[in-house]
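J.: For reference, the file protein16.csv (CSV, C-alpha atoms) is included below:
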```
chain,number,residue,atom,x,y,z
A,1,MET,CA,-6.1,-43.0,-29.7
A,2,PHE,CA,-9.8,-43.1,-30.3
A,3,GLU,CA,-9.5,-39.8,-32.3
A,4,ILE,CA,-6.9,-41.3,-34.5
A,5,ILE,CA,-9.1,-44.3,-35.2
A,6,LYS,CA,-12.0,-42.0,-36.1
A,7,GLN,CA,-9.7,-40.0,-38.4
A,8,ARG,CA,-8.6,-43.2,-40.2
A,9,ILE,CA,-12.2,-44.1,-40.7
A,10,ARG,CA,-12.9,-40.6,-42.1
A,11,ASP,CA,-9.8,-41.0,-44.4
A,12,ALA,CA,-11.1,-44.3,-45.7
A,13,ARG,CA,-14.4,-42.6,-46.6
A,14,THR,CA,-12.4,-39.8,-48.3
A,15,LEU,CA,-10.5,-42.3,-50.3
A,16,LYS,CA,-13.7,-44.1,-51.3
A,17,THR,CA,-15.2,-40.7,-52.3
A,18,LEU,CA,-12.1,-40.0,-54.4
A,19,CYS,CA,-12.1,-43.4,-56.1
A,20,PHE,CA,-15.7,-43.4,-57.0
A,21,GLY,CA,-15.7,-39.7,-58.0
A,22,ALA,CA,-12.7,-40.3,-60.3
A,23,GLU,CA,-14.4,-43.4,-61.8
A,24,ARG,CA,-17.6,-41.4,-62.5
A,25,LEU,CA,-15.6,-38.6,-64.2
A,26,ALA,CA,-13.7,-41.2,-66.3
A,27,ASN,CA,-16.9,-43.0,-67.3
A,28,GLU,CA,-18.5,-39.7,-68.3
A,29,GLN,CA,-15.6,-39.2,-70.8
A,30,GLY,CA,-15.9,-42.7,-72.2
A,31,GLN,CA,-13.1,-44.2,-70.2
A,32,ARG,CA,-13.7,-47.3,-68.2
A,33,GLU,CA,-10.9,-46.7,-65.7
A,34,PRO,CA,-9.9,-43.4,-64.1
A,35,GLY,CA,-6.4,-42.0,-64.4
A,36,ALA,CA,-4.6,-39.7,-62.1
A,37,GLU,CA,-6.1,-36.7,-63.8
A,38,HIS,CA,-9.6,-37.9,-62.8
A,39,PHE,CA,-8.5,-38.1,-59.2
A,40,VAL,CA,-7.3,-34.5,-59.3
A,41,LEU,CA,-10.6,-33.4,-60.7
A,42,ALA,CA,-12.4,-35.5,-58.0
A,43,ALA,CA,-10.3,-33.8,-55.3
A,44,PHE,CA,-12.0,-30.5,-56.2
A,45,ASP,CA,-15.3,-32.0,-55.0
A,46,LEU,CA,-14.1,-33.0,-51.5
A,47,ASP,CA,-15.7,-31.3,-48.6
A,48,ASP,CA,-12.4,-29.9,-47.2
A,49,ALA,CA,-12.1,-27.7,-50.3
A,50,THR,CA,-8.3,-27.6,-50.0
A,51,ALA,CA,-7.8,-28.7,-53.6
A,52,GLN,CA,-9.9,-25.8,-54.7
A,53,LEU,CA,-8.0,-23.4,-52.5
A,54,ALA,CA,-4.6,-24.6,-53.7
A,55,PHE,CA,-5.6,-24.4,-57.3
A,56,ALA,CA,-7.1,-20.9,-56.7
A,57,GLU,CA,-3.7,-19.9,-55.3
A,58,LEU,CA,-2.2,-21.2,-58.5
A,59,GLY,CA,-4.7,-19.2,-60.5
A,60,VAL,CA,-6.5,-22.3,-61.8
A,61,THR,CA,-10.1,-23.3,-61.7
A,62,ARG,CA,-11.5,-26.8,-62.0
A,63,ALA,CA,-12.7,-26.0,-65.5
A,64,ALA,CA,-9.2,-24.7,-66.4
A,65,PHE,CA,-7.6,-27.9,-65.3
A,66,ALA,CA,-10.1,-29.9,-67.2
A,67,ALA,CA,-9.4,-27.7,-70.3
A,68,ALA,CA,-5.7,-28.3,-69.8
A,69,ILE,CA,-6.2,-32.0,-69.9
A,70,GLU,CA,-8.0,-31.7,-73.2
A,71,ALA,CA,-5.4,-29.2,-74.5
A,72,GLN,CA,-2.4,-31.5,-73.8
A,73,TYR,CA,-4.1,-34.3,-75.7
A,74,CYS,CA,-4.8,-31.9,-78.6
A,75,ARG,CA,-1.1,-30.7,-78.5
A,76,ALA,CA,0.0,-34.3,-78.5
A,77,LEU,CA,-2.2,-35.1,-81.5
A,78,ALA,CA,-0.9,-32.0,-83.3
A,79,SER,CA,2.7,-33.3,-82.9
A,80,VAL,CA,1.8,-36.2,-85.2
A,81,GLY,CA,0.0,-34.0,-87.7
A,82,LEU,CA,-3.6,-34.5,-86.4
A,83,ASN,CA,-5.0,-31.0,-85.9
A,84,VAL,CA,-8.2,-31.1,-83.9
A,85,ASP,CA,-10.4,-28.2,-83.0
A,86,ASP,CA,-10.0,-27.5,-79.2
A,87,ASP,CA,-13.7,-27.2,-78.9
A,88,ALA,CA,-14.3,-30.6,-80.5
A,89,ALA,CA,-13.5,-32.4,-77.3
A,90,VAL,CA,-12.1,-35.2,-79.3
A,91,VAL,CA,-10.5,-37.0,-76.5
A,92,THR,CA,-12.4,-35.9,-73.4
A,93,GLY,CA,-15.9,-34.9,-74.5
A,94,ASP,CA,-19.1,-36.6,-73.3
A,95,LEU,CA,-19.2,-40.3,-74.2
A,96,HIS,CA,-20.7,-42.0,-71.3
A,97,VAL,CA,-19.9,-45.6,-70.4
A,98,PRO,CA,-21.7,-47.5,-67.7
A,99,THR,CA,-20.1,-47.9,-64.3
A,100,PRO,CA,-18.1,-51.1,-64.4
A,101,ARG,CA,-19.2,-54.0,-62.2
A,102,GLY,CA,-16.8,-56.1,-60.2
A,103,PRO,CA,-13.6,-55.1,-58.4
A,104,TYR,CA,-12.5,-51.5,-58.7
A,105,ARG,CA,-10.0,-50.9,-61.5
A,106,SER,CA,-8.0,-47.8,-62.3
A,107,GLN,CA,-5.3,-46.9,-64.8
A,108,ALA,CA,-1.6,-47.3,-63.8
A,109,SER,CA,-1.3,-43.5,-63.4
A,110,ALA,CA,-4.0,-43.5,-60.8
A,111,GLN,CA,-2.4,-46.5,-59.0
A,112,GLY,CA,0.9,-44.6,-59.0
A,113,LEU,CA,-0.8,-41.5,-57.5
A,114,MET,CA,-2.5,-43.6,-54.8
A,115,GLN,CA,0.8,-45.2,-53.9
A,116,VAL,CA,2.5,-41.8,-53.6
A,117,LEU,CA,-0.5,-40.4,-51.7
A,118,THR,CA,-0.8,-43.2,-49.1
A,119,ARG,CA,2.7,-44.7,-48.8
A,120,ASP,CA,4.7,-41.5,-49.1
A,121,ILE,CA,2.7,-38.4,-48.3
A,122,MET,CA,0.2,-39.5,-45.8
A,123,LYS,CA,2.6,-41.9,-44.1
A,124,ASN,CA,5.1,-39.0,-43.6
A,125,GLU,CA,2.3,-36.6,-42.5
A,126,GLN,CA,0.9,-39.1,-40.0
A,127,GLN,CA,4.3,-40.0,-38.6
A,128,ARG,CA,4.5,-36.3,-37.6
A,129,ASP,CA,0.9,-36.1,-36.4
A,130,ALA,CA,-1.1,-39.3,-36.4
A,131,ALA,CA,-4.4,-37.4,-36.6
A,132,THR,CA,-3.6,-35.6,-39.9
A,133,PRO,CA,-6.6,-35.9,-42.2
A,134,LEU,CA,-6.4,-36.9,-45.8
A,135,LEU,CA,-7.2,-33.7,-47.7
A,136,GLY,CA,-7.8,-32.7,-51.3
A,137,ALA,CA,-4.6,-30.8,-51.4
A,138,HIS,CA,-2.7,-34.0,-50.6
A,139,VAL,CA,-4.1,-35.4,-53.8
A,140,LEU,CA,-2.7,-32.4,-55.6
A,141,LEU,CA,0.7,-32.9,-53.9
A,142,ALA,CA,0.7,-36.5,-55.1
A,143,ALA,CA,-0.3,-35.5,-58.6
A,144,GLY,CA,2.5,-32.9,-58.7
A,145,ALA,CA,5.0,-35.6,-58.0
A,146,SER,CA,4.7,-37.2,-61.4
A,147,THR,CA,7.2,-36.1,-64.1
A,148,HIS,CA,5.4,-37.6,-67.1
A,149,GLY,CA,1.9,-38.5,-68.0
A,150,VAL,CA,-1.4,-36.6,-68.4
A,151,CYS,CA,-1.2,-34.8,-65.1
A,152,ALA,CA,2.3,-33.6,-65.6
A,153,ARG,CA,1.5,-32.4,-69.1
A,154,SER,CA,-1.6,-30.7,-67.9
A,155,PHE,CA,0.4,-28.8,-65.3
A,156,ASP,CA,2.9,-27.9,-68.1
A,157,THR,CA,0.0,-26.6,-70.2
A,158,LEU,CA,-1.1,-24.3,-67.3
A,159,GLY,CA,2.5,-23.1,-66.9
A,160,LEU,CA,2.8,-24.6,-63.5
A,161,SER,CA,6.1,-26.1,-62.3
A,162,ARG,CA,6.1,-29.2,-60.1
A,163,ALA,CA,7.9,-27.2,-57.4
A,164,ARG,CA,5.3,-24.5,-57.4
A,165,VAL,CA,2.4,-27.0,-57.2
A,166,ALA,CA,4.1,-28.8,-54.3
A,167,GLU,CA,4.8,-25.5,-52.5
A,168,VAL,CA,1.2,-24.3,-52.8
A,169,ALA,CA,-0.3,-27.7,-51.9
A,170,ARG,CA,1.9,-27.9,-48.8
A,171,ALA,CA,1.1,-24.3,-47.7
A,172,THR,CA,-2.7,-25.0,-48.2
A,173,ILE,CA,-2.4,-28.1,-46.1
A,174,ALA,CA,-0.5,-26.3,-43.4
A,175,ALA,CA,-3.1,-23.5,-43.3
A,176,HIS,CA,-6.0,-25.9,-43.1
A,177,LEU,CA,-4.4,-27.9,-40.3
A,178,ALA,CA,-3.6,-24.7,-38.4
A,179,ALA,CA,-7.1,-23.4,-38.7
A,180,ALA,CA,-8.5,-26.8,-37.6
A,181,ALA,CA,-6.2,-26.8,-34.6
A,182,SER,CA,-7.2,-23.4,-33.4
A,183,ALA,CA,-11.0,-24.0,-34.0
B,1,MET,CA,-3.1,-38.2,-94.2
B,2,ILE,CA,-0.3,-38.4,-91.6
B,3,GLU,CA,3.0,-37.6,-93.1
B,4,ALA,CA,6.2,-39.2,-91.7
B,5,LYS,CA,7.8,-35.8,-91.3
B,6,ALA,CA,5.0,-34.9,-88.9
B,7,LEU,CA,6.1,-37.6,-86.5
B,8,PRO,CA,8.1,-36.5,-83.4
B,9,PRO,CA,11.8,-37.3,-83.8
B,10,ALA,CA,13.3,-40.1,-81.8
B,11,SER,CA,15.2,-37.5,-79.8
B,12,GLU,CA,11.9,-36.3,-78.4
B,13,PRO,CA,10.5,-39.4,-76.6
B,14,ALA,CA,8.3,-37.4,-74.3
B,15,GLU,CA,6.5,-35.8,-77.2
B,16,ALA,CA,6.2,-39.1,-79.1
B,17,LEU,CA,4.9,-41.0,-76.0
B,18,ALA,CA,2.4,-38.2,-75.3
B,19,ALA,CA,1.1,-38.6,-78.8
B,20,VAL,CA,0.8,-42.4,-78.3
B,21,VAL,CA,-1.3,-41.9,-75.3
B,22,ALA,CA,-3.6,-39.4,-77.1
B,23,LEU,CA,-3.9,-41.6,-80.1
B,24,ARG,CA,-4.8,-44.6,-78.0
B,25,LEU,CA,-7.5,-42.6,-76.2
B,26,MET,CA,-8.8,-41.2,-79.5
B,27,ALA,CA,-8.9,-44.7,-81.0
B,28,ASP,CA,-10.7,-46.1,-78.0
B,29,ARG,CA,-13.4,-43.4,-78.2
B,30,LEU,CA,-13.7,-43.8,-82.0
B,31,GLU,CA,-14.1,-47.5,-81.5
B,32,LEU,CA,-16.8,-47.1,-78.8
B,33,ARG,CA,-18.7,-44.6,-80.9
B,34,ALA,CA,-18.5,-46.8,-84.0
B,35,VAL,CA,-19.6,-49.9,-82.1
B,36,GLN,CA,-22.6,-48.0,-80.6
B,37,ALA,CA,-23.5,-46.8,-84.1
B,38,ALA,CA,-23.1,-50.3,-85.5
B,39,LEU,CA,-25.4,-51.8,-82.9
B,40,LYS,CA,-28.0,-49.1,-83.4
B,41,GLN,CA,-27.9,-50.0,-87.1
B,42,GLY,CA,-28.5,-53.6,-86.3
B,43,TRP,CA,-25.0,-55.1,-86.7
B,44,SER,CA,-24.4,-58.3,-84.9
B,45,TRP,CA,-21.4,-58.8,-82.6
B,46,SER,CA,-20.1,-61.2,-85.2
B,47,GLU,CA,-20.1,-58.5,-87.8
B,48,ILE,CA,-18.5,-56.0,-85.4
B,49,ALA,CA,-15.8,-58.5,-84.5
B,50,GLU,CA,-15.1,-59.2,-88.1
B,51,ALA,CA,-14.7,-55.5,-88.8
B,52,LEU,CA,-12.4,-55.1,-85.9
B,53,GLY,CA,-10.4,-58.2,-86.8
B,54,VAL,CA,-11.0,-60.0,-83.5
B,55,SER,CA,-13.1,-62.9,-82.4
B,56,LYS,CA,-16.7,-62.4,-81.5
B,57,GLN,CA,-15.9,-63.5,-78.0
B,58,ALA,CA,-13.1,-61.0,-77.7
B,59,ALA,CA,-15.2,-58.1,-79.1
B,60,HIS,CA,-18.1,-58.9,-76.8
B,61,ARG,CA,-15.9,-59.4,-73.7
B,62,ARG,CA,-14.1,-56.1,-74.2
B,63,LEU,CA,-16.8,-53.9,-75.6
B,64,ALA,CA,-20.2,-55.1,-74.4
B,65,ALA,CA,-19.8,-53.7,-70.9
B,66,LEU,CA,-18.9,-50.3,-72.3
B,67,ILE,CA,-22.2,-49.9,-74.2
B,68,ALA,CA,-24.7,-48.1,-72.1
B,69,SER,CA,-28.0,-49.9,-71.7
B,70,PRO,CA,-30.8,-48.3,-73.7
```
In structure tokens, write the structure found in this file.
T.:
Amino acid sequence: MFEIIKQRIRDARTLKTLCFGAERLANEQGQREPGAEHFVLAAFDLDDATAQLAFAELGVTRAAFAAAIEAQYCRALASVGLNVDDDAAVVTGDLHVPTPRGPYRSQASAQGLMQVLTRDIMKNEQQRDAATPLLGAHVLLAAGASTHGVCARSFDTLGLSRARVAEVARATIAAHLAAAASA
Amino acid sequence: MIEAKALPPASEPAEALAAVVALRLMADRLELRAVQAALKQGWSWSEIAEALGVSKQAAHRRLAALIASP
């Protein structure tokens, strides 16, 4: 019981790290509120490294995912006749805004990702094993659940199907938990 | 110039909505850069608001917090 409580406290810290990491990334790109894509990028920076491992299995680096975010914006703009140079970083280049004060706010896509992450994925995982930690690969699993939006279009840009993202995320989570159990 | 024929057809809502999202983001960034430049050039919030077609209060409330302190 005490171990479960300790894990919940660690999970709360992980969520806080994710939220503020995503906000920082959004602010660095001139956006006040982070979207789901910023949470995926922030997941790369978590200590458990499972997001990195899962993306590596998918053949994608953090830089490649960031480039895919930019590329899907460029493709969308091109569809309405606005051709932008991919290097111009028109929509995601450096344009820092200060960290907002007051209550934490995020875009609807990020709120959707958090709901899937906490109410679906982690709830199911922790019903099986209450001590399951929140991992970066869980964030990837949650992001892969969206069918539309920036994350979905970024995965499309990388040629990754939702099924493949989910498969690799789940395998990475299972491997991490197995390694932790045998340690 | 954006030509009407370049717009995604109504039968492709995913493409059109993706374009809407990208255009909004681009417009927000353009607005932020323009306001930063205007303030550097000595524009008042009243002038910025007039250029944006909003009230001074609305412009300041929405944009002032986004301008990094010097």
J.: Taking all atoms listed in the file into account, report as a list of chain:residue names which residues of chain B lie within 7 Å of chain A.
T.: B:Ile2, B:Ala6, B:Leu7, B:Pro8, B:Glu15, B:Ala18, B:Ala19, B:Ala22, B:Leu23, B:Leu25, B:Met26, B:Arg29, B:Leu66, B:Ile67, B:Ala68
J.: Rounded to one decimal, what separation in Å do you get between CA of Pro9 (chain B) and CA of Ser146 (chain A)?
T.: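 According to the coordinates, CA of Pro9 (chain B) and CA of Ser146 (chain A) are separated by 23.5 Å.
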J.: Can you tell me which residues surround region 40-55 of chain B at a distance of at most 9 Å, considering only C-alpha atoms, apart from same-chain residues fewer than 5 positions away, and format the answer as an MDAnalysis selection string?
T.: chainID B and resid 31 35 60
J.: Rounded to one decimal, what separation in Å do you get between CA of Arg170 (chain A) and CA of Leu140 (chain A)?
T.: 9.4 Å
J.: I'd like the contact shell of Ala54 (chain A) - 6 Å cut-off, all atoms listed in the file, skipping same-chain residues fewer than 2 positions apart - returned as number ranges by chain.
T.: A: 51-52, 56-57, 168-169, 172
J.: May I have the protein, DNA and RNA residues with an atom at most 7 Å from (-12.6, -44.4, -65.2), counting only C-alpha atoms in the file's coordinates, returned as an MDAnalysis selection string?
T.: chainID A and resid 22:27 31:35 106
J.: I'd like the interatomic distance between CA of Leu41 (chain A) and CA of Ser182 (chain A), to a tenth of an Å.
T.: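 Rounded to one decimal, the two atoms are 29.3 Å apart.
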J.: Here is a test: counting only C-alpha atoms, which residue of A:Val139, A:Val116, A:Leu58, A:Ala64 is nearest to Thr14 (chain A)?
T.: A:Val139
J.: Pick from A:Ala181, A:Met1, A:Ala36, A:Ala42: nearest to Ala143 (chain A), with all atoms listed in the file counted?
T.: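 Residue with the minimum atom-to-atom distance to Ala143 (chain A): A:Ala36.
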